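Shown below: input-v5.txt, with compact mmCIF, C-alpha atoms.
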# COMPACT_ATOMS: atom_id res chain seq x y z
CA MET A 1 0.00 0.00 0.00
CA ALA A 2 2.75 2.49 0.95
CA GLU A 3 4.61 1.95 -2.34
CA GLU A 4 1.48 2.75 -4.33
CA ALA A 5 0.48 5.81 -2.31
CA TYR A 6 0.63 9.21 -4.01
CA THR A 7 3.60 11.27 -2.82
CA ILE A 8 4.76 14.87 -3.19
CA ALA A 9 8.41 15.96 -3.19
CA VAL A 10 9.06 18.87 -0.82
CA GLY A 11 12.62 20.06 -0.24
CA GLY A 12 14.11 16.72 -1.10
CA LEU A 13 11.62 14.85 1.08
CA SER A 14 8.96 12.51 -0.25
CA LEU A 15 5.69 13.15 1.59
CA TYR A 16 2.44 11.22 1.37
CA ALA A 17 -0.11 13.59 -0.15
CA TYR A 18 -2.88 12.23 2.08
CA GLY A 19 -0.79 12.69 5.21
CA LEU A 20 0.11 16.21 4.09
CA MET A 21 -3.57 17.09 3.72
CA LEU A 22 -4.29 15.68 7.18
CA ALA A 23 -1.48 17.85 8.57
CA VAL A 24 -2.86 20.93 6.78
CA GLY A 25 -6.31 20.21 8.20
CA CYS A 26 -4.98 19.76 11.72
CA LEU A 27 -2.85 22.91 11.51
CA SER A 28 -5.73 24.95 10.07
CA GLY A 29 -8.04 23.84 12.86
CA CYS A 30 -5.45 24.73 15.50
CA VAL A 31 -4.76 28.18 14.02
CA PHE A 32 -8.50 28.86 13.77
CA LEU A 33 -8.95 27.90 17.41
CA LEU A 34 -6.04 30.10 18.53
CA LEU A 35 -7.35 33.10 16.60
CA ARG A 36 -10.81 32.72 18.14
CA SER A 37 -9.53 32.32 21.71
CA ARG A 38 -7.80 35.57 22.58
CA ARG A 39 -10.31 37.13 24.96
CA THR A 40 -8.82 35.99 28.24
CA GLU A 41 -5.59 34.40 29.46
CA ARG A 42 -7.48 31.23 30.38
CA GLU A 43 -8.82 30.88 26.86
CA LYS A 44 -5.34 31.37 25.42
CA ASN A 45 -4.01 28.67 27.72
CA ALA A 46 -6.87 26.33 26.86
CA ALA A 47 -6.29 26.87 23.15
CA ALA A 48 -2.56 26.20 23.45
CA LEU A 49 -3.14 23.04 25.49
CA THR A 50 -5.82 21.85 23.06
CA CYS A 51 -3.43 22.31 20.14
CA LEU A 52 -0.95 20.10 22.00
CA LEU A 53 -3.29 17.40 23.30
CA SER A 54 -6.01 17.06 20.66
CA PRO A 55 -3.78 16.22 17.65
CA PHE A 56 -1.89 13.62 19.67
CA LEU A 57 -5.01 11.99 21.12
CA GLY A 58 -6.81 12.34 17.80
CA LEU A 59 -4.08 10.36 16.03
CA ALA A 60 -3.97 7.76 18.80
CA PHE A 61 -7.73 7.16 18.86
CA SER A 62 -7.97 7.33 15.07
CA ARG A 63 -5.51 4.48 14.83
CA LEU A 64 -7.08 2.59 17.74
CA VAL A 65 -10.57 2.56 16.24
CA TYR A 66 -9.13 1.40 12.92
CA VAL A 67 -7.02 -1.48 14.21
CA LEU A 68 -9.86 -2.73 16.42
CA GLY A 69 -12.63 -2.21 13.90
CA GLU A 70 -11.09 -3.17 10.56
CA ILE A 71 -11.71 -6.85 9.79
CA SER A 72 -8.86 -7.11 7.28
CA PHE A 73 -6.39 -5.91 9.93
CA ALA A 74 -7.35 -8.63 12.42
CA PRO A 75 -4.82 -11.26 11.18
CA PHE A 76 -2.00 -8.73 11.64
CA LEU A 77 -3.15 -7.24 14.94
CA ASN A 78 -0.27 -6.86 17.39
CA LEU A 79 1.32 -3.94 19.21
CA VAL A 80 4.07 -3.38 16.65
CA ASN A 81 1.68 -3.30 13.69
CA ALA A 82 -0.86 -1.23 15.62
CA VAL A 83 1.58 1.65 16.12
CA ASN A 84 3.15 1.37 12.66
CA LEU A 85 1.34 4.16 10.82
CA ARG A 86 3.15 3.34 7.58
CA LEU A 87 0.90 0.30 7.29
CA GLY A 88 -1.99 2.69 6.76
CA GLY A 89 -5.35 2.86 8.47
CA LEU A 90 -7.06 5.72 10.31
CA SER A 91 -10.65 6.52 11.27
CA MET A 92 -12.44 9.86 11.27
CA TYR A 93 -14.54 9.13 14.34
CA GLY A 94 -11.49 8.01 16.29
CA ALA A 95 -9.81 11.30 15.41
CA LEU A 96 -12.85 13.29 16.54
CA ILE A 97 -13.16 11.35 19.81
CA GLY A 98 -9.50 11.95 20.60
CA ALA A 99 -9.71 15.64 19.71
CA VAL A 100 -12.75 16.15 21.94
CA LEU A 101 -11.11 14.33 24.87
CA GLY A 102 -8.00 16.46 24.42
CA ALA A 103 -10.08 19.64 24.44
CA ILE A 104 -11.95 18.59 27.60
CA ALA A 105 -8.66 17.85 29.37
CA ALA A 106 -7.22 21.18 28.20
CA ALA A 107 -10.29 23.08 29.42
CA ARG A 108 -10.05 21.54 32.88
CA LEU A 109 -6.33 22.23 33.13
CA ALA A 110 -6.84 25.85 32.05
CA GLY A 111 -9.86 26.44 34.28
CA VAL A 112 -12.33 26.91 31.42
CA ARG A 113 -15.82 25.43 31.45
CA ALA A 114 -15.74 22.30 29.27
CA SER A 115 -19.11 22.92 27.58
CA LEU A 116 -18.05 26.43 26.59
CA TRP A 117 -14.77 25.14 25.25
CA LEU A 118 -16.43 22.42 23.17
CA ASP A 119 -18.55 25.17 21.61
CA ARG A 120 -15.34 26.94 20.66
CA LEU A 121 -13.79 23.70 19.37
CA ALA A 122 -16.61 22.64 17.04
CA PRO A 123 -15.79 24.95 14.08
CA SER A 124 -12.12 23.95 14.22
CA LEU A 125 -13.03 20.27 13.99
CA LEU A 126 -15.19 20.95 10.95
CA LEU A 127 -12.37 22.88 9.29
CA MET A 128 -10.07 19.92 9.87
CA ILE A 129 -12.65 17.61 8.28
CA VAL A 130 -12.81 19.80 5.16
CA PHE A 131 -9.13 19.21 4.41
CA ALA A 132 -9.09 15.60 5.60
CA ARG A 133 -11.86 14.67 3.19
CA LEU A 134 -10.16 16.49 0.31
CA GLY A 135 -7.05 14.48 1.11
CA GLU A 136 -8.94 11.29 0.30
CA HIS A 137 -8.55 12.29 -3.34
CA PHE A 138 -5.07 10.76 -3.05
CA THR A 139 -6.36 7.45 -1.67
CA SER A 140 -8.86 4.76 -2.57
CA LEU A 141 -11.22 6.02 0.13
CA GLY A 142 -14.41 8.00 -0.18
CA ILE A 143 -15.93 6.51 -3.33
CA SER A 144 -19.37 5.02 -3.88
CA ARG A 145 -20.77 1.91 -5.45
CA PRO A 146 -20.58 1.96 -9.26
CA LEU A 147 -22.92 4.61 -10.63
CA VAL A 148 -25.86 3.07 -12.45
CA THR A 149 -28.23 5.95 -13.29
CA GLY A 150 -25.93 7.84 -15.67
CA VAL A 151 -27.00 11.20 -14.24
CA LEU A 152 -23.67 12.12 -12.62
CA ASP A 153 -21.30 10.22 -14.88
CA SER A 154 -20.17 13.31 -16.81
CA THR A 155 -19.79 15.64 -13.82
CA PHE A 156 -16.78 16.48 -11.65
CA LEU A 157 -18.34 14.33 -8.92
CA ALA A 158 -17.68 11.17 -10.91
CA MET A 159 -14.41 9.23 -10.85
CA HIS A 160 -13.85 6.98 -13.86
CA THR A 161 -11.86 3.77 -13.99
CA GLU A 162 -11.38 1.25 -16.75
CA TYR A 163 -14.60 -0.51 -15.81
CA ASP A 164 -17.00 1.84 -13.99
CA ALA A 165 -17.76 5.34 -12.76
CA TYR A 166 -17.95 6.09 -9.05
CA LEU A 167 -19.23 9.02 -7.02
CA ARG A 168 -16.51 11.05 -5.31
CA THR A 169 -18.28 10.94 -1.96
CA TYR A 170 -15.31 12.61 -0.25
CA LEU A 171 -16.06 15.81 -2.20
CA LEU A 172 -19.64 15.83 -0.92
CA GLU A 173 -18.36 15.27 2.63
CA SER A 174 -15.88 18.12 2.33
CA LEU A 175 -18.56 20.43 0.96
CA GLY A 176 -20.94 19.29 3.70
CA ALA A 177 -18.34 20.15 6.34
CA MET A 178 -17.93 23.61 4.79
CA VAL A 179 -21.68 24.23 4.86
CA LEU A 180 -21.95 22.97 8.43
CA LEU A 181 -18.98 25.14 9.46
CA ALA A 182 -20.78 28.23 8.13
CA ALA A 183 -24.01 27.14 9.85
CA VAL A 184 -22.24 26.58 13.18
CA LEU A 185 -20.50 29.98 13.07
CA ARG A 186 -23.85 31.64 12.36
CA TYR A 187 -25.58 29.63 15.07
CA GLN A 188 -22.87 30.63 17.53
CA ARG A 189 -23.68 34.32 17.13
CA ASN A 190 -27.14 33.93 18.68
CA GLN A 191 -26.28 31.23 21.22
CA THR A 192 -26.03 31.97 24.95
CA LYS A 193 -26.37 28.62 26.71
CA PRO A 194 -23.05 26.71 27.04
CA GLY A 195 -22.85 23.47 25.09
CA GLN A 196 -25.59 24.20 22.59
CA VAL A 197 -23.25 25.00 19.70
CA PHE A 198 -21.41 21.72 20.17
CA LEU A 199 -24.68 19.77 20.40
CA PHE A 200 -25.98 21.50 17.26
CA ALA A 201 -22.78 20.64 15.36
CA ALA A 202 -22.77 17.04 16.66
CA LEU A 203 -26.43 16.51 15.73
CA GLN A 204 -26.05 17.84 12.20
CA PHE A 205 -22.78 16.01 11.61
CA GLY A 206 -24.23 12.73 12.90
CA VAL A 207 -27.35 13.08 10.76
CA TRP A 208 -25.68 13.88 7.47
CA GLN A 209 -22.62 11.69 7.98
CA THR A 210 -25.05 8.78 8.28
CA LEU A 211 -26.08 9.56 4.71
CA PHE A 212 -22.52 10.06 3.46
CA GLU A 213 -21.39 6.79 5.02
CA SER A 214 -24.22 5.09 3.13
CA LEU A 215 -22.90 6.56 -0.12
CA ARG A 216 -19.39 5.29 0.66
CA PHE A 217 -18.52 1.82 -0.49
CA ASP A 218 -14.75 1.70 -0.13
CA SER A 219 -14.37 -1.37 2.15
CA HIS A 220 -13.11 0.89 4.95
CA LEU A 221 -14.35 -0.31 8.35
CA ARG A 222 -17.29 -2.08 6.74
CA PHE A 223 -19.29 -5.13 7.79
CA SER A 224 -21.34 -6.49 4.90
CA PHE A 225 -23.55 -3.63 3.65
CA ILE A 226 -23.08 -1.33 6.65
CA GLY A 227 -20.01 0.41 8.05
CA LEU A 228 -18.70 0.96 11.56
CA GLN A 229 -18.51 4.71 11.05
CA GLN A 230 -22.11 4.75 9.85
CA LEU A 231 -23.12 3.05 13.08
CA LEU A 232 -21.12 5.66 15.00
CA SER A 233 -22.85 8.43 13.04
CA ALA A 234 -26.26 7.04 13.93
CA ALA A 235 -25.14 6.64 17.55
CA LEU A 236 -23.99 10.27 17.63
CA MET A 237 -27.30 11.44 16.19
CA GLY A 238 -29.26 9.33 18.67
CA GLY A 239 -27.08 10.34 21.60
CA VAL A 240 -27.66 14.04 20.96
CA LEU A 241 -31.42 13.52 20.58
CA ILE A 242 -31.61 11.57 23.83
CA THR A 243 -29.52 14.19 25.66
CA LEU A 244 -31.73 17.03 24.46
CA ALA A 245 -34.95 15.12 25.23
CA VAL A 246 -33.83 14.27 28.76
CA ARG A 247 -32.80 17.87 29.41
CA LEU A 248 -36.16 19.08 28.13
CA LEU A 249 -38.05 16.59 30.32
CA LYS A 250 -36.10 17.70 33.37
CA SER A 251 -36.91 21.32 32.66
CA GLY A 252 -40.62 20.50 32.62
CA ARG A 253 -41.21 22.28 29.32
CA ARG A 254 -42.47 20.90 26.01
CA LYS A 255 -42.62 17.36 27.33
CA LYS A 256 -44.59 16.27 24.27
CA LEU A 257 -41.74 17.34 22.00
CA ALA A 258 -39.22 15.44 24.12
CA VAL A 259 -41.36 12.29 24.20
CA LEU A 260 -42.00 12.52 20.45
CA SER A 261 -38.26 12.77 19.81
CA LEU A 262 -37.55 9.71 21.95
CA CYS A 263 -40.35 7.72 20.34
CA ALA A 264 -39.22 8.66 16.84
CA LEU A 265 -35.64 7.49 17.36
CA LEU A 266 -36.19 3.73 17.03
CA PRO A 267 -38.42 4.01 13.91
CA VAL A 268 -35.81 6.27 12.31
CA ILE A 269 -33.00 3.80 13.04
CA GLY A 270 -35.19 0.96 11.76
CA ALA A 271 -35.95 2.87 8.57
CA ILE A 272 -32.24 3.55 8.02
CA ILE A 273 -31.40 -0.15 8.36
CA ALA A 274 -34.24 -1.08 5.98
CA LEU A 275 -33.10 1.50 3.43
CA GLU A 276 -29.51 0.27 3.63
CA PHE A 277 -30.74 -3.25 2.90
CA LEU A 278 -32.82 -2.05 -0.05
CA ILE A 279 -29.97 0.02 -1.49
CA ASP A 280 -27.59 -2.92 -1.25
CA ARG A 281 -29.87 -5.80 -2.24
CA SER A 282 -32.75 -4.43 -4.35
CA GLN A 283 -33.10 -2.97 -7.84
CA ILE A 284 -35.10 0.04 -6.68
CA ASN A 285 -33.95 3.28 -8.32
CA LYS A 286 -31.12 4.73 -6.22
CA TRP A 287 -32.42 8.31 -6.56
CA ILE A 288 -35.76 7.25 -5.07
CA SER A 289 -34.04 5.30 -2.29
CA TYR A 290 -31.84 8.21 -1.30
CA ALA A 291 -34.70 10.71 -1.55
CA VAL A 292 -36.54 8.61 1.05
CA TYR A 293 -33.28 8.38 3.03
CA VAL A 294 -33.01 12.19 3.19
CA ALA A 295 -36.66 12.48 4.21
CA VAL A 296 -36.09 10.03 7.07
CA LEU A 297 -32.97 11.89 8.26
CA LEU A 298 -34.84 15.19 8.27
CA ILE A 299 -36.95 13.86 11.15
CA PRO A 300 -34.16 13.78 13.80
CA CYS A 301 -32.67 16.90 12.26
CA VAL A 302 -35.90 18.89 12.72
CA LEU A 303 -36.77 17.42 16.12
CA GLY A 304 -33.29 18.11 17.47
CA SER A 305 -33.33 21.67 16.14
CA LEU A 306 -36.73 22.29 17.75
CA MET A 307 -35.48 21.03 21.12
CA LEU A 308 -32.37 23.21 20.85
CA ARG A 309 -34.54 26.22 20.07
CA GLU A 310 -36.80 25.43 23.02
CA GLU A 311 -33.78 25.46 25.34
CA ARG A 312 -32.89 28.94 24.13
CA VAL A 313 -36.33 30.42 24.88
Is it possible to express this structure as structure tokens?
Amino acid sequence: MAEEAYTIAVGGLSLYAYGLMLAVGCLSGCVFLLLRSRRTEREKNAAALTCLLSPFLGLAFSRLVYVLGEISFAPFLNLVNAVNLRLGGLSMYGALIGAVLGAIAAARLAGVRASLWLDRLAPSLLLMIVFARLGEHFTSLGISRPLVTGVLDSTFLAMHTEYDAYLRTYLLESLGAMVLLAAVLRYQRNQTKPGQVFLFAALQFGVWQTLFESLRFDSHLRFSFIGLQQLLSAALMGGVLITLAVRLLKSGRRKKLAVLSLCALLPVIGAIIALEFLIDRSQINKWISYAVYVAVLLIPCVLGSLMLREERV
């Protein structure tokens, strides 16, 4: 794999293009966080500590989730291979988990409220994702099943090989992260309650990454027709909905909305599983299948947004 990877020569050094894009994404996120954290000395300290801890923990957890979750890696699983990054294998959700844990630790060490700091961190994580997904252009990751409708075959979203055309899903994910970044920055302007920005970003990312993971078919962390990172996306979406519903129930306001959100969660998950099965095993038109998919995902998206808005009243 390493011998076939795309490299770029910089100052006499041969660098993996994908790794370089990951580094650019990480650096951009750190700089963005530092620039947005200059109000107080505590914030400056928290930002500096986050830039030290989050990349390290992000890399560690990214590798950990991959080596434990990738079936093809199981025969080679040992400590030496696990820490050998040149063998390849990272995971986006592992990186995000590590980055969040690093930020929480940094906030506590600097004396900053963790929920406030996660609000500040969210845009930086999305900026990192923008570059990380673009970096997949230099890998075999982030592509779809063979395109069968012919609608997108002649567009920049299609990647052509000798046999088939595939959707460049990584481009959609990068664009989605850009759109969500803009939405989070706008949402942050009118937000006063700590933690809401992070929950908003987590909900939207979980919802739409569930769709993007469905579009992916690159054998990365996959089990049959469903992927580990798709399960984590659905878990993130569900976790945020449950958190918001419980908080709303405890406040004693809009209990019907909270109960509706909790009751809708299982049918939504069931519908997602059914749609995944249909997309993988049936001959139903893919545009129709994914139109239904989007409609189903709008349910948790709308319910979560309504509960967030209710908290702000």
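Closest approach to A:Leu167 among A:Ala114, A:Leu278, A:Ala291, A:Leu147: A:Leu147, based on all atoms listed in the file.
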**Study point:** Contact residues around A:Ala105 with only C-alpha atoms at 12 Å, ignoring same-chain residues under 6 positions, as a VMD selection string
**Key:** chain A and resid 45 to 54 57 98 to 99 111 to 115 117 to 118
Check your understanding: What's the 8 Å shell around A:Gln196, counting only C-alpha atoms, without same-chain residues fewer than 3 positions away, as number ranges by chain?
Key -> A: 119, 191, 193, 199-200, 308
Keeping C-alpha atoms for every residue in the selection just given, could you write it to a file as a PDB file, in the coordinates of the input?
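Resulting contents of out26.pdb:
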ATOM      1  CA  ASP A 119     -18.550  25.170  21.610  1.00  0.00           C
ATOM      2  CA  GLN A 191     -26.280  31.230  21.220  1.00  0.00           C
ATOM      3  CA  LYS A 193     -26.370  28.620  26.710  1.00  0.00           C
ATOM      4  CA  LEU A 199     -24.680  19.770  20.400  1.00  0.00           C
ATOM      5  CA  PHE A 200     -25.980  21.500  17.260  1.00  0.00           C
ATOM      6  CA  LEU A 308     -32.370  23.210  20.850  1.00  0.00           C
TER       7      LEU A 308
END
Would you give me, as JSON lines, each residue of stretch 113-136 of chain A having an atom within 8 Å of an atom of stretch 32-43 of chain A, along with its shortest atom pair and that distance in Å to one decimal, using all atoms listed in the file and sorting by chain and residue number?
{"residue": "A:Arg120", "atom": "CA", "partner": "A:Leu33", "partner_atom": "CA", "distance": 7.2}
{"residue": "A:Leu121", "atom": "CA", "partner": "A:Leu33", "partner_atom": "CA", "distance": 6.7}
{"residue": "A:Ser124", "atom": "CA", "partner": "A:Leu33", "partner_atom": "CA", "distance": 6.0}
Could you put an axis-aligned box around every listed atom of stretch 106-116 of chain A, padded by 8 Å on each side, and send me its centre and edge lengths in Å to one decimal, as JSON?
{"center_x": -12.7, "center_y": 24.0, "center_z": 30.4, "size_x": 28.8, "size_y": 21.7, "size_z": 23.7}
Review point. Between atom CA of A:Ile129 and atom CA of A:Glu173, what is the spacing in Å?
Key: 8.4 Å
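In this comparison, which uses all atoms listed in the file, the residue of A:Met178, A:Leu126, A:Ile269, A:Leu152 approaching A:Ala202 most closely is A:Leu126.
Every protein or nucleic acid residue with an atom no more than 9 Å from A:Glu70, counting all atoms listed in the file and leaving out same-chain residues fewer than 4 positions away, appears here: Val65, Tyr66, Ala74, Gly89, His220, Leu221, Arg222, Phe223 and Leu228 of chain A.
Rounded to one decimal, atom CA of A:Val148 and atom CA of A:Ala274 lie 20.7 Å from each other.
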